[in-house]
file upload_5.csv (CSV, C-alpha atoms)
chain,number,residue,atom,x,y,z
A,1,MET,CA,-2.3,81.2,111.5
A,2,VAL,CA,-2.7,80.8,107.7
A,3,THR,CA,-1.3,77.7,106.1
A,4,ARG,CA,-1.2,77.4,102.3
A,5,GLU,CA,0.5,75.1,99.7
A,6,ILE,CA,2.4,77.1,97.1
A,7,LYS,CA,4.1,75.9,94.0
A,8,VAL,CA,7.3,77.3,92.5
A,9,CYS,CA,6.4,78.3,88.9
A,10,ASN,CA,9.6,79.9,87.6
A,11,ARG,CA,12.0,77.7,85.7
A,12,ALA,CA,15.1,78.6,87.6
A,13,GLY,CA,13.6,77.8,91.0
A,14,ILE,CA,14.2,80.1,94.1
A,15,HIS,CA,17.6,81.5,93.7
A,16,ALA,CA,19.0,84.7,95.2
A,17,ARG,CA,16.8,87.3,93.5
A,18,PRO,CA,13.4,85.5,94.1
A,19,ALA,CA,14.5,84.9,97.7
A,20,ALA,CA,15.2,88.6,98.0
A,21,ASN,CA,11.8,89.4,96.6
A,22,ILE,CA,10.1,87.1,99.1
A,23,VAL,CA,11.9,88.8,102.0
A,24,LYS,CA,11.2,92.2,100.6
A,25,ILE,CA,7.4,91.5,100.5
A,26,ALA,CA,7.4,89.6,103.8
A,27,ASN,CA,9.1,92.5,105.6
A,28,LYS,CA,6.2,94.8,104.7
A,29,PHE,CA,3.9,92.9,107.0
A,30,ASP,CA,3.8,92.7,110.7
A,31,SER,CA,3.6,88.9,110.8
A,32,GLU,CA,5.9,85.9,110.8
A,33,LEU,CA,6.5,83.9,107.6
A,34,PHE,CA,7.7,80.4,107.6
A,35,LEU,CA,8.3,78.2,104.6
A,36,GLU,CA,8.4,74.5,104.8
A,37,LYS,CA,9.8,72.0,102.3
A,38,GLY,CA,10.0,68.4,103.4
A,39,THR,CA,11.5,68.3,106.9
A,40,MET,CA,12.9,71.8,106.7
A,41,LYS,CA,11.1,74.8,108.1
A,42,ILE,CA,12.8,78.2,107.7
A,43,ASN,CA,12.1,81.8,108.5
A,44,GLY,CA,10.7,83.5,105.4
A,45,LYS,CA,12.3,86.8,106.3
A,46,SER,CA,15.8,85.5,105.8
A,47,ILE,CA,17.3,85.3,102.3
A,48,MET,CA,19.9,82.7,103.2
A,49,GLY,CA,17.2,80.5,104.8
A,50,ILE,CA,15.0,80.6,101.7
A,51,ILE,CA,17.9,79.8,99.4
A,52,THR,CA,18.9,76.9,101.6
A,53,LEU,CA,15.4,75.3,101.0
A,54,GLY,CA,16.6,74.4,97.5
A,55,ALA,CA,13.2,75.0,96.0
A,56,THR,CA,13.4,73.8,92.4
A,57,TYR,CA,10.9,74.3,89.5
A,58,GLN,CA,7.6,72.7,90.3
A,59,SER,CA,8.4,71.9,93.9
A,60,SER,CA,5.7,72.7,96.4
A,61,LEU,CA,6.2,74.5,99.6
A,62,THR,CA,4.0,75.0,102.7
A,63,MET,CA,3.7,78.6,103.6
A,64,ILE,CA,2.8,79.5,107.2
A,65,CYS,CA,1.9,83.1,108.1
A,66,GLU,CA,1.3,84.1,111.7
A,67,GLY,CA,0.5,87.4,113.2
A,68,PRO,CA,-1.9,90.4,112.9
A,69,GLU,CA,-1.5,90.7,109.1
A,70,GLU,CA,-1.3,87.0,108.2
A,71,GLU,CA,-4.1,87.0,105.6
A,72,SER,CA,-2.8,89.9,103.6
A,73,MET,CA,0.7,88.6,103.9
A,74,ALA,CA,-0.3,85.1,102.6
A,75,ASP,CA,-2.1,86.7,99.7
A,76,ALA,CA,0.9,88.9,98.8
A,77,ILE,CA,3.4,86.0,98.9
A,78,GLU,CA,1.1,83.7,97.0
A,79,LYS,CA,0.7,86.3,94.3
A,80,LEU,CA,4.5,86.7,94.1
A,81,PHE,CA,4.9,83.0,93.5
A,82,GLN,CA,2.1,83.0,90.9
A,83,ASN,CA,3.8,85.9,89.1
A,84,ARG,CA,7.0,83.8,88.9
A,85,PHE,CA,8.7,86.5,90.9
A,86,GLU,CA,8.3,88.8,87.9
A,87,GLU,CA,11.0,86.9,86.0
B,1,MET,CA,16.0,62.0,108.7
B,2,SER,CA,13.4,60.8,106.2
B,3,GLU,CA,15.2,58.2,104.2
B,4,PHE,CA,18.7,56.9,104.3
B,5,THR,CA,19.9,54.4,101.6
B,6,ILE,CA,23.0,52.4,101.2
B,7,LEU,CA,24.0,54.9,98.5
B,8,ASP,CA,23.7,57.7,101.0
B,9,LEU,CA,26.0,55.7,103.3
B,10,LEU,CA,28.6,55.4,100.5
B,11,ASP,CA,28.2,59.1,99.7
B,12,LEU,CA,28.8,60.3,103.3
B,13,ASP,CA,31.8,62.6,103.4
B,14,LEU,CA,33.5,61.3,106.5
B,15,LYS,CA,37.0,62.2,107.3
B,16,GLU,CA,40.1,60.6,108.9
B,17,HIS,CA,39.2,58.6,112.0
B,18,ASN,CA,35.5,58.4,110.9
B,19,HIS,CA,36.2,57.2,107.4
B,20,LEU,CA,34.5,53.9,106.6
B,21,SER,CA,36.4,53.3,103.3
B,22,LEU,CA,33.5,51.4,101.9
B,23,ILE,CA,33.3,50.2,98.3
B,24,CYS,CA,30.6,48.3,96.6
B,25,ILE,CA,31.8,45.1,95.0
B,26,ALA,CA,28.5,43.3,94.1
B,27,GLY,CA,24.8,43.7,94.0
B,28,ARG,CA,24.6,47.3,92.8
B,29,THR,CA,20.9,47.0,92.3
B,30,GLY,CA,20.5,46.9,96.0
B,31,LEU,CA,22.2,50.2,96.6
B,32,SER,CA,18.8,52.0,96.8
B,33,LYS,CA,17.7,49.9,99.7
B,34,LYS,CA,16.9,51.8,102.9
B,35,ILE,CA,18.7,51.6,106.1
B,36,THR,CA,16.1,51.9,108.8
B,37,THR,CA,18.0,51.2,112.0
B,38,SER,CA,21.2,52.2,113.6
B,39,LYS,CA,21.8,48.7,114.8
B,40,ILE,CA,24.4,46.4,113.4
B,41,SER,CA,24.2,42.6,113.1
B,42,ARG,CA,27.0,40.1,113.1
B,43,PRO,CA,25.4,37.1,111.4
B,44,GLY,CA,27.4,34.4,113.0
B,45,LEU,CA,24.4,32.7,114.6
B,46,PRO,CA,22.2,32.8,111.5
B,47,LEU,CA,25.0,31.3,109.4
B,48,SER,CA,25.1,28.4,111.8
B,49,GLY,CA,21.4,27.9,111.3
B,50,PHE,CA,19.9,29.8,114.3
B,51,PHE,CA,17.5,32.4,112.9
B,52,GLU,CA,15.6,33.4,116.0
B,53,GLU,CA,15.8,37.1,116.9
B,54,PHE,CA,17.7,37.6,113.7
B,55,SER,CA,17.8,41.4,113.1
B,56,ASN,CA,17.6,41.2,109.4
B,57,ASN,CA,16.9,44.9,108.9
B,58,SER,CA,20.3,46.0,110.2
B,59,ILE,CA,23.5,46.0,108.3
B,60,GLN,CA,25.2,42.6,108.3
B,61,VAL,CA,28.9,42.8,109.2
B,62,PHE,CA,31.1,39.9,108.3
B,63,GLY,CA,34.4,39.8,110.3
B,64,ARG,CA,37.1,37.2,110.0
B,65,GLY,CA,35.2,34.6,112.0
B,66,GLU,CA,32.1,34.9,109.8
B,67,GLN,CA,34.2,34.8,106.7
B,68,ALA,CA,36.0,31.7,107.8
B,69,TYR,CA,32.7,30.1,108.6
B,70,LEU,CA,31.3,31.0,105.2
B,71,GLN,CA,34.3,29.4,103.6
B,72,LYS,CA,33.8,26.3,105.6
B,73,LEU,CA,30.2,26.1,104.6
B,74,GLU,CA,31.1,26.5,101.0
B,75,ASP,CA,33.8,23.9,101.1
B,76,GLU,CA,31.3,21.5,102.6
B,77,HIS,CA,28.7,22.5,100.0
B,78,ASN,CA,26.4,23.3,102.8
B,79,LEU,CA,24.6,26.4,101.5
B,80,ALA,CA,21.2,26.0,103.2
B,81,SER,CA,21.8,28.7,105.9
B,82,ILE,CA,23.4,31.1,103.4
B,83,GLU,CA,20.4,30.7,101.1
B,84,ARG,CA,18.0,31.2,104.0
B,85,LEU,CA,19.9,34.3,105.1
B,86,PHE,CA,19.3,35.9,101.7
B,87,LYS,CA,15.6,35.0,101.9
B,88,TYR,CA,15.4,37.7,104.5
B,89,ASP,CA,15.2,41.3,103.4
B,90,ILE,CA,18.6,42.5,104.5
B,91,PRO,CA,19.9,46.0,103.6
B,92,CYS,CA,23.5,45.0,102.8
B,93,CYS,CA,26.4,42.9,103.8
B,94,VAL,CA,29.8,44.3,104.7
B,95,PHE,CA,33.0,42.3,104.4
B,96,CYS,CA,35.8,43.6,106.7
B,97,ASP,CA,39.6,43.2,106.6
B,98,GLY,CA,39.6,43.7,102.9
B,99,ALA,CA,38.3,40.2,102.3
B,100,ASP,CA,36.3,39.2,99.3
B,101,PRO,CA,33.2,37.0,99.6
B,102,SER,CA,33.2,33.6,98.0
B,103,PRO,CA,31.8,33.3,94.5
B,104,ARG,CA,28.7,31.5,95.6
B,105,PHE,CA,27.8,34.2,98.1
B,106,THR,CA,28.3,36.9,95.5
B,107,VAL,CA,26.0,35.1,93.1
B,108,LEU,CA,23.3,34.8,95.7
B,109,ALA,CA,23.7,38.5,96.6
B,110,GLU,CA,23.3,39.5,92.9
B,111,GLU,CA,20.3,37.3,92.5
B,112,THR,CA,18.5,38.8,95.5
B,113,GLY,CA,19.7,42.3,94.8
B,114,THR,CA,21.6,42.7,98.0
B,115,ALA,CA,24.6,45.1,97.9
B,116,ILE,CA,27.9,43.7,99.1
B,117,LEU,CA,30.3,46.3,100.4
B,118,LYS,CA,33.9,45.8,101.3
B,119,THR,CA,36.2,47.7,103.7
B,120,ASP,CA,39.8,47.5,104.6
B,121,LEU,CA,39.1,48.2,108.3
B,122,LEU,CA,39.1,45.5,111.0
B,123,SER,CA,35.6,44.4,111.9
B,124,SER,CA,35.8,45.8,115.4
B,125,ASP,CA,37.0,49.2,114.2
B,126,PHE,CA,34.5,49.2,111.4
B,127,SER,CA,31.6,48.4,113.7
B,128,ARG,CA,32.6,51.2,116.0
B,129,ARG,CA,32.8,53.7,113.2
B,130,LEU,CA,29.6,52.5,111.7
B,131,TYR,CA,27.7,52.7,115.0
B,132,GLN,CA,28.9,56.3,115.4
B,133,THR,CA,28.0,57.2,111.9
B,134,LEU,CA,24.5,55.6,112.0
B,135,ASP,CA,23.9,57.1,115.5
B,136,GLU,CA,24.4,60.6,113.9
B,137,VAL,CA,22.4,59.8,110.9
B,138,PHE,CA,19.4,58.7,113.0
B,139,ALA,CA,19.9,61.4,115.6
B,140,PRO,CA,16.9,63.7,116.1
B,141,THR,CA,17.4,67.0,114.3
B,142,GLN,CA,15.9,70.4,114.4
B,143,THR,CA,16.5,73.4,112.1
B,144,ILE,CA,16.6,76.7,113.8
B,145,HIS,CA,17.0,80.3,112.8
B,146,GLY,CA,20.2,81.7,114.2
B,147,VAL,CA,24.0,81.9,113.7
B,148,LEU,CA,26.5,79.4,115.0
B,149,VAL,CA,30.0,80.6,115.7
B,150,GLU,CA,33.0,79.2,117.6
B,151,VAL,CA,34.4,81.7,120.0
B,152,TYR,CA,37.5,80.7,121.9
B,153,GLY,CA,36.7,77.1,121.3
B,154,ILE,CA,33.1,77.4,122.6
B,155,GLY,CA,30.3,76.8,120.2
B,156,VAL,CA,28.0,79.8,120.6
B,157,LEU,CA,24.5,79.8,119.1
B,158,ILE,CA,23.2,83.3,118.5
B,159,THR,CA,19.4,83.6,118.2
B,160,GLY,CA,17.0,86.5,118.1
B,161,GLU,CA,14.4,88.1,115.9
B,162,SER,CA,15.1,89.1,112.3
B,163,GLY,CA,16.9,92.4,112.2
B,164,VAL,CA,18.2,92.3,115.7
B,165,GLY,CA,21.8,92.1,114.3
B,166,LYS,CA,22.7,88.4,114.5
B,167,SER,CA,24.7,88.3,111.3
B,168,GLU,CA,26.4,91.7,112.0
B,169,THR,CA,27.5,90.4,115.4
B,170,ALA,CA,28.8,87.2,113.9
B,171,LEU,CA,30.7,89.2,111.2
B,172,GLU,CA,32.4,91.2,113.9
B,173,LEU,CA,33.3,88.0,115.7
B,174,ILE,CA,34.8,86.6,112.6
B,175,GLU,CA,36.7,89.8,112.0
B,176,ARG,CA,38.1,89.3,115.5
B,177,GLY,CA,39.4,85.9,114.5
B,178,HIS,CA,36.6,83.6,115.5
B,179,ARG,CA,34.9,81.0,113.3
B,180,LEU,CA,31.6,80.8,111.5
B,181,ILE,CA,29.9,77.4,111.3
B,182,SER,CA,26.6,78.5,109.8
B,183,ASP,CA,24.6,81.7,109.3
B,184,ASP,CA,20.9,82.0,109.4
B,185,THR,CA,19.8,78.3,109.4
B,186,VAL,CA,21.5,75.9,111.8
B,187,ARG,CA,20.8,72.3,111.8
B,188,LEU,CA,21.1,70.9,115.3
B,189,ARG,CA,21.6,67.2,116.0
B,190,ASN,CA,21.1,65.4,119.3
B,191,ILE,CA,24.1,63.1,119.5
B,192,SER,CA,23.2,60.0,121.6
B,193,ASP,CA,21.2,62.2,124.0
B,194,ASN,CA,24.5,63.6,125.2
B,195,PHE,CA,25.2,66.9,123.4
B,196,ILE,CA,24.1,69.0,120.5
B,197,VAL,CA,26.1,69.4,117.4
B,198,GLY,CA,25.2,72.2,115.0
B,199,MET,CA,26.1,72.5,111.3
B,200,GLY,CA,24.9,74.3,108.2
B,201,GLU,CA,21.8,73.0,106.5
B,202,ASN,CA,23.5,72.5,103.1
B,203,PRO,CA,27.3,72.2,102.8
B,204,LEU,CA,27.2,73.9,99.4
B,205,LEU,CA,25.6,77.0,100.8
B,206,ALA,CA,27.2,77.1,104.3
B,207,HIS,CA,29.7,79.8,105.2
B,208,HIS,CA,27.7,82.4,103.2
B,209,MET,CA,26.2,85.3,105.0
B,210,GLU,CA,23.7,88.0,104.1
B,211,ILE,CA,24.5,91.4,105.4
B,212,ARG,CA,22.0,94.2,104.8
B,213,GLY,CA,23.5,96.7,102.4
B,214,LEU,CA,26.2,94.4,101.1
B,215,GLY,CA,24.2,91.3,100.0
B,216,ILE,CA,25.4,87.7,100.1
B,217,LEU,CA,29.1,87.3,101.1
B,218,ASN,CA,31.3,84.2,101.0
B,219,LEU,CA,33.1,84.3,104.3
B,220,ALA,CA,35.6,81.5,103.4
B,221,ASN,CA,36.9,83.6,100.5
B,222,LEU,CA,36.8,86.9,102.4
B,223,PHE,CA,38.4,85.8,105.6
B,224,GLY,CA,40.2,82.6,104.6
B,225,VAL,CA,39.9,79.0,105.6
B,226,GLY,CA,40.7,79.8,109.3
B,227,ALA,CA,37.4,81.7,109.7
B,228,ILE,CA,35.2,78.7,109.0
B,229,ARG,CA,34.3,75.4,110.5
B,230,ASP,CA,31.9,72.7,109.3
B,231,ARG,CA,30.4,71.6,112.6
B,232,LYS,CA,30.7,72.4,116.3
B,233,GLN,CA,29.1,71.3,119.5
B,234,VAL,CA,26.7,74.0,120.8
B,235,GLN,CA,27.9,74.9,124.3
B,236,LEU,CA,26.3,78.3,124.9
B,237,SER,CA,23.1,79.9,123.6
B,238,VAL,CA,23.0,83.6,123.3
B,239,LYS,CA,19.7,85.3,122.9
B,240,LEU,CA,19.8,88.8,121.5
B,241,GLU,CA,16.7,91.0,122.1
B,242,GLN,CA,15.8,94.6,121.8
B,243,TRP,CA,16.6,96.5,125.0
B,244,ASP,CA,13.6,96.8,127.2
B,245,ALA,CA,14.1,99.2,130.1
B,246,LYS,CA,11.3,97.6,132.1
B,247,LYS,CA,12.8,94.1,131.9
B,248,ASN,CA,15.1,92.8,134.6
B,249,TYR,CA,18.3,91.5,133.1
B,250,ASP,CA,20.8,89.4,135.0
B,251,ARG,CA,23.0,91.8,136.8
B,252,VAL,CA,25.1,89.5,139.0
B,253,GLY,CA,25.5,86.5,136.8
B,254,GLU,CA,24.6,83.8,139.3
B,255,GLY,CA,21.5,82.9,137.5
B,256,SER,CA,21.8,79.6,135.6
B,257,LEU,CA,19.5,80.1,132.7
B,258,HIS,CA,19.1,77.2,130.3
B,259,ASP,CA,17.8,76.8,126.8
B,260,THR,CA,16.6,73.4,125.7
B,261,PHE,CA,17.2,72.0,122.3
B,262,LEU,CA,16.0,68.5,121.4
B,263,GLY,CA,15.7,67.7,125.1
B,264,ILE,CA,19.3,68.8,126.0
B,265,ASP,CA,19.9,71.8,128.3
B,266,ILE,CA,22.4,74.4,127.1
B,267,PRO,CA,23.5,77.3,129.3
B,268,MET,CA,21.9,80.5,128.0
B,269,VAL,CA,22.5,84.2,128.3
B,270,ILE,CA,20.1,86.9,127.3
B,271,ILE,CA,21.8,90.0,125.9
B,272,PRO,CA,19.8,93.2,125.4
B,273,VAL,CA,20.8,95.1,122.3
B,274,LYS,CA,20.8,98.8,122.0
B,275,PRO,CA,23.0,101.3,120.1
B,276,GLY,CA,26.4,101.7,121.7
B,277,ARG,CA,26.5,98.3,123.2
B,278,ASN,CA,29.3,96.3,121.7
B,279,ILE,CA,27.7,92.9,121.4
B,280,PRO,CA,30.6,90.9,120.0
B,281,VAL,CA,32.8,91.8,123.0
B,282,ILE,CA,30.0,90.8,125.4
B,283,ILE,CA,29.7,87.4,123.5
B,284,GLU,CA,33.5,86.9,123.7
B,285,THR,CA,33.4,87.6,127.4
B,286,ALA,CA,30.5,85.2,127.8
B,287,ALA,CA,32.4,82.5,126.0
B,288,ARG,CA,35.5,83.1,128.2
B,289,ASN,CA,33.3,82.9,131.3
B,290,GLU,CA,31.8,79.7,130.0
B,291,ARG,CA,35.3,78.3,129.7
B,292,LEU,CA,36.1,79.3,133.2
B,293,LYS,CA,32.9,77.6,134.4
B,294,LYS,CA,34.0,74.4,132.6
B,295,LEU,CA,37.2,74.6,134.6
B,296,GLY,CA,35.2,75.0,137.8
B,297,TYR,CA,35.6,78.7,138.3
B,298,TYR,CA,32.4,80.6,138.7
B,299,SER,CA,33.1,84.4,138.5
B,300,ALA,CA,30.0,85.5,140.2
B,301,LYS,CA,30.1,83.0,142.9
B,302,GLU,CA,33.8,83.5,143.6
B,303,PHE,CA,33.2,87.3,143.7
B,304,ASP,CA,30.4,86.8,146.2
B,305,GLN,CA,32.6,84.5,148.3
B,306,SER,CA,35.3,87.3,148.4
B,307,VAL,CA,32.7,89.9,149.4
B,308,LEU,CA,31.4,87.6,152.2
B,309,LYS,CA,35.0,87.0,153.4
B,310,TRP,CA,35.8,90.7,153.3
B,311,LEU,CA,32.6,91.6,155.2
B,312,GLU,CA,33.5,89.1,157.8
B,313,SER,CA,37.0,90.4,158.3
B,314,GLU,CA,35.7,93.9,158.3
B,315,SER,CA,33.3,93.2,161.1
B,316,ALA,CA,36.1,91.4,163.0
B,317,ARG,CA,38.2,94.5,162.6
B,318,ASN,CA,35.4,96.7,163.7
B,319,MET,CA,35.0,94.7,166.8
B,320,TYR,CA,38.7,95.1,167.5
B,321,SER,CA,38.8,98.9,166.9
B,322,PHE,CA,35.6,99.2,169.0
B,323,ASN,CA,37.4,97.5,171.8
B,324,GLU,CA,40.4,99.8,171.5
B,325,GLU,CA,38.2,102.9,171.6
B,326,THR,CA,36.6,101.8,174.8
B,327,HIS,CA,39.9,101.1,176.6
call {"tool": "encode", "arguments": {"input": "upload_5.csv", "output": "structure tokens"}}
result
Amino acid sequence: MVTREIKVCNRAGIHARPAANIVKIANKFDSELFLEKGTMKINGKSIMGIITLGATYQSSLTMICEGPEEESMADAIEKLFQNRFEE
Amino acid sequence: MSEFTILDLLDLDLKEHNHLSLICIAGRTGLSKKITTSKISRPGLPLSGFFEEFSNNSIQVFGRGEQAYLQKLEDEHNLASIERLFKYDIPCCVFCDGADPSPRFTVLAEETGTAILKTDLLSSDFSRRLYQTLDEVFAPTQTIHGVLVEVYGIGVLITGESGVGKSETALELIERGHRLISDDTVRLRNISDNFIVGMGENPLLAHHMEIRGLGILNLANLFGVGAIRDRKQVQLSVKLEQWDAKKNYDRVGEGSLHDTFLGIDIPMVIIPVKPGRNIPVIIETAARNERLKKLGYYSAKEFDQSVLKWLESESARNMYSFNEETH
């Protein structure tokens, strides 16, 4: 299991398109992705779930990857957050 | 629940028989105070000067008796116990029956930054509603990945791995006239250790659904207001999983499988998914069956009883015909 803190760097926060990006990347890996914000923990392979987090600009999330490809998955998701979802 | 303030209490969207009809009439600075317990206190004894076991961290509810006593104290200029009451850190005071607190009481509340709320409800009625509300607020919660739908009045929680077809199944159920409570993330609440109530994580985003190939859909607009619900008791858990030919599925239906959420057992069925199996119909049937069980009729057991009865009568007949043959 890989647990990392990630920060939302894009101004608009995680709305529909960034959420779709996360899911797209996450689905490439054979591992589970969970995102945590406060008391909420959601499945990172679900668009509606990610949007429901209400992750605003500068808010920080806990990313949990679990499975055979957890390391590379965590790297890919982290990179996506750092690139501001290519916005 | 991490934090619940007086302001959150005023902001709660409660309807009809749950409505608290609270307004803040003084001590606005105290609205940010936290409520930490679901207990309610009637401060009759403290007002009379007895402060032992005073539960100062609960909401103080002033009914007619307390209000009359306050009036008497003020008329007698005997303010010691009122002043002492405000020395404690109390979250807020609620005046019932639409009564206003006396001026002196209001001044003290303003000085100490304690919010005074007012309601038109009778104190007994208000206490009951407040208990119920706080019970829910402080109820243990859990957010799970799944879809909650109401099928024939039964709250059905559909869970399963991503891509197994939860949302598509729910969509078909809605198309057939059932109701969606929440897609994807469902917040479960344990209500007084009795039952589980599920709702959407965020009322603004509830009733939306993501369908692969179509994107995000607003179900309330697409299917109308009859297709949605805000909350529903979870009465049946349906687990969808990929068909596994080697696995033994329940073939008779006598097995009483249970799923446990927040310490409460919910009847569960496991439905294997494979192309050609119409999952919504199976879920509808499971919901109907659940209703029958609630009425005390167990299909599988009754069926078995009939089989046993039939076998018995057959063997009796056989004995008879055997006797005839020999004669």
call {"tool": "residues_near_point", "arguments": {"input": "upload_5.csv", "point": "(13.8, 92.5, 118.5)", "cutoff": "9 Å", "atoms": "only C-alpha atoms", "output": "list in words"}}
result
Gly160, Glu161, Ser162, Gly163, Val164, Leu240, Glu241, Gln242, Trp243 and Val273 of chain B
call {"tool": "atom_distance", "arguments": {"input": "upload_5.csv", "atom1": "CA of Met73 in chain A", "atom2": "CA of Thr52 in chain A"}}
result
21.8 Å
call {"tool": "atom_distance", "arguments": {"input": "upload_5.csv", "atom1": "CA of Lys37 in chain A", "atom2": "CA of Val147 in chain B"}}
result
20.7 Å
call {"tool": "residues_near_point", "arguments": {"input": "upload_5.csv", "point": "(-5.2, 80.3, 111.2)", "cutoff": "10 Å", "atoms": "all atoms listed in the file", "output": "list in words"}}
result
Met1, Val2, Thr3, Ile64, Cys65, Glu66, Gly67, Glu70 and Glu71 of chain A
call {"tool": "write_last_selection", "arguments": {"input": "upload_5.csv", "atoms": "C-alpha atoms", "output": "PDB file, in the frame of the given file"}}
result
ATOM      1  CA  MET A   1      -2.300  81.200 111.500  1.00  0.00           C
ATOM      2  CA  VAL A   2      -2.700  80.800 107.700  1.00  0.00           C
ATOM      3  CA  THR A   3      -1.300  77.700 106.100  1.00  0.00           C
ATOM      4  CA  ILE A  64       2.800  79.500 107.200  1.00  0.00           C
ATOM      5  CA  CYS A  65       1.900  83.100 108.100  1.00  0.00           C
ATOM      6  CA  GLU A  66       1.300  84.100 111.700  1.00  0.00           C
ATOM      7  CA  GLY A  67       0.500  87.400 113.200  1.00  0.00           C
ATOM      8  CA  GLU A  70      -1.300  87.000 108.200  1.00  0.00           C
ATOM      9  CA  GLU A  71      -4.100  87.000 105.600  1.00  0.00           C
TER      10      GLU A  71
END
call {"tool": "closest_residue", "arguments": {"input": "upload_5.csv", "among": "A:Ile14, A:Cys9, A:Met48, A:Ala20", "to": "chain B", "atoms": "only C-alpha atoms"}}
result
A:Met48
call {"tool": "residues_around", "arguments": {"input": "upload_5.csv", "residues": "His15 in chain A", "least_positions_apart": "5", "cutoff": "9 Å", "atoms": "all atoms listed in the file", "output": "list in words"}}
result
Ala20, Ile50, Ile51, Gly54, Ala55 and Thr56 of chain A
call {"tool": "atom_distance", "arguments": {"input": "upload_5.csv", "atom1": "CA of Ser32 in chain B", "atom2": "CA of Ile59 in chain B"}}
result
13.8 Å
call {"tool": "closest_atom_pairs", "arguments": {"input": "upload_5.csv", "of": "chain A", "to": "chain B", "cutoff": "9 Å", "atoms": "all atoms listed in the file", "output": "Markdown table"}}
result
| residue | atom | partner | partner_atom | distance |
| --- | --- | --- | --- | --- |
| A:Ala16 | CA | B:Ile216 | CA | 8.6 |
| A:Gly38 | CA | B:Ser2 | CA | 8.8 |
| A:Thr39 | CA | B:Ser2 | CA | 7.8 |
| A:Met40 | CA | B:Thr143 | CA | 6.7 |
| A:Lys41 | CA | B:Thr143 | CA | 6.9 |
| A:Ile42 | CA | B:His145 | CA | 6.9 |
| A:Asn43 | CA | B:His145 | CA | 6.7 |
| A:Lys45 | CA | B:Ser162 | CA | 7.0 |
| A:Ser46 | CA | B:Asp184 | CA | 7.2 |
| A:Ile47 | CA | B:Glu210 | CA | 7.2 |
| A:Met48 | CA | B:Asp184 | CA | 6.3 |
| A:Gly49 | CA | B:Thr185 | CA | 5.7 |
| A:Ile51 | CA | B:Leu205 | CA | 8.3 |
| A:Thr52 | CA | B:Asn202 | CA | 6.5 |
| A:Leu53 | CA | B:Glu201 | CA | 8.7 |
call {"tool": "residues_around", "arguments": {"input": "upload_5.csv", "residues": "Ile82 in chain B", "least_positions_apart": "5", "cutoff": "10 Å", "atoms": "all atoms listed in the file", "output": "PyMOL selection string"}}
result
chain B and resi 46-49+70+73-74+87+104-105+108
call {"tool": "residues_around", "arguments": {"input": "upload_5.csv", "residues": "range 6-8 of chain A", "least_positions_apart": "6", "cutoff": "6 Å", "atoms": "all atoms listed in the file", "output": "ChimeraX atom specification"}}
result
/A:57-61
call {"tool": "closest_residue", "arguments": {"input": "upload_5.csv", "among": "B:Ile154, B:Leu148, B:Gln60, B:Tyr298", "to": "Lys166 in chain B", "atoms": "all atoms listed in the file"}}
result
B:Leu148
call {"tool": "residues_around", "arguments": {"input": "upload_5.csv", "residues": "Ser192 in chain B", "least_positions_apart": "5", "cutoff": "10 Å", "atoms": "all atoms listed in the file", "output": "list in words"}}
result
Gln132, Asp135, Glu136, Phe138, Ala139 and Pro140 of chain B
call {"tool": "residues_around", "arguments": {"input": "upload_5.csv", "residues": "range 193-199 of chain B", "least_positions_apart": "2", "cutoff": "7 Å", "atoms": "only C-alpha atoms", "output": "PyMOL selection string"}}
result
chain B and resi 181-182+186-191+201+230-234+264
call {"tool": "decode", "arguments": {"input": "upload_5.csv", "residues": "range 260-268 of chain B", "atoms": "N, CA and C atoms", "output": "tab-separated table (two decimals), in the first residue's frame"}}
result
chain	number	residue	atom	x	y	z
B	260	THR	N	-22.79	-6.52	6.95
B	260	THR	CA	-22.83	-5.69	8.13
B	260	THR	C	-22.30	-4.30	7.82
B	261	PHE	N	-23.12	-3.29	8.07
B	261	PHE	CA	-22.70	-1.91	7.93
B	261	PHE	C	-22.84	-1.23	9.28
B	262	LEU	N	-21.77	-0.64	9.76
B	262	LEU	CA	-21.79	0.10	11.02
B	262	LEU	C	-22.43	-0.73	12.14
B	263	GLY	N	-22.14	-2.03	12.10
B	263	GLY	CA	-22.60	-2.90	13.18
B	263	GLY	C	-24.03	-3.38	13.04
B	264	ILE	N	-24.68	-3.08	11.92
B	264	ILE	CA	-26.06	-3.52	11.74
B	264	ILE	C	-26.13	-4.50	10.57
B	265	ASP	N	-26.81	-5.61	10.80
B	265	ASP	CA	-26.92	-6.64	9.77
B	265	ASP	C	-28.01	-6.29	8.77
B	266	ILE	N	-27.68	-6.41	7.49
B	266	ILE	CA	-28.64	-6.16	6.42
B	266	ILE	C	-28.68	-7.43	5.58
B	267	PRO	N	-29.88	-7.93	5.24
B	267	PRO	CA	-29.95	-9.12	4.37
B	267	PRO	C	-29.21	-8.86	3.06
B	268	MET	N	-28.50	-9.88	2.59
B	268	MET	CA	-27.68	-9.67	1.40
B	268	MET	C	-27.94	-10.76	0.37
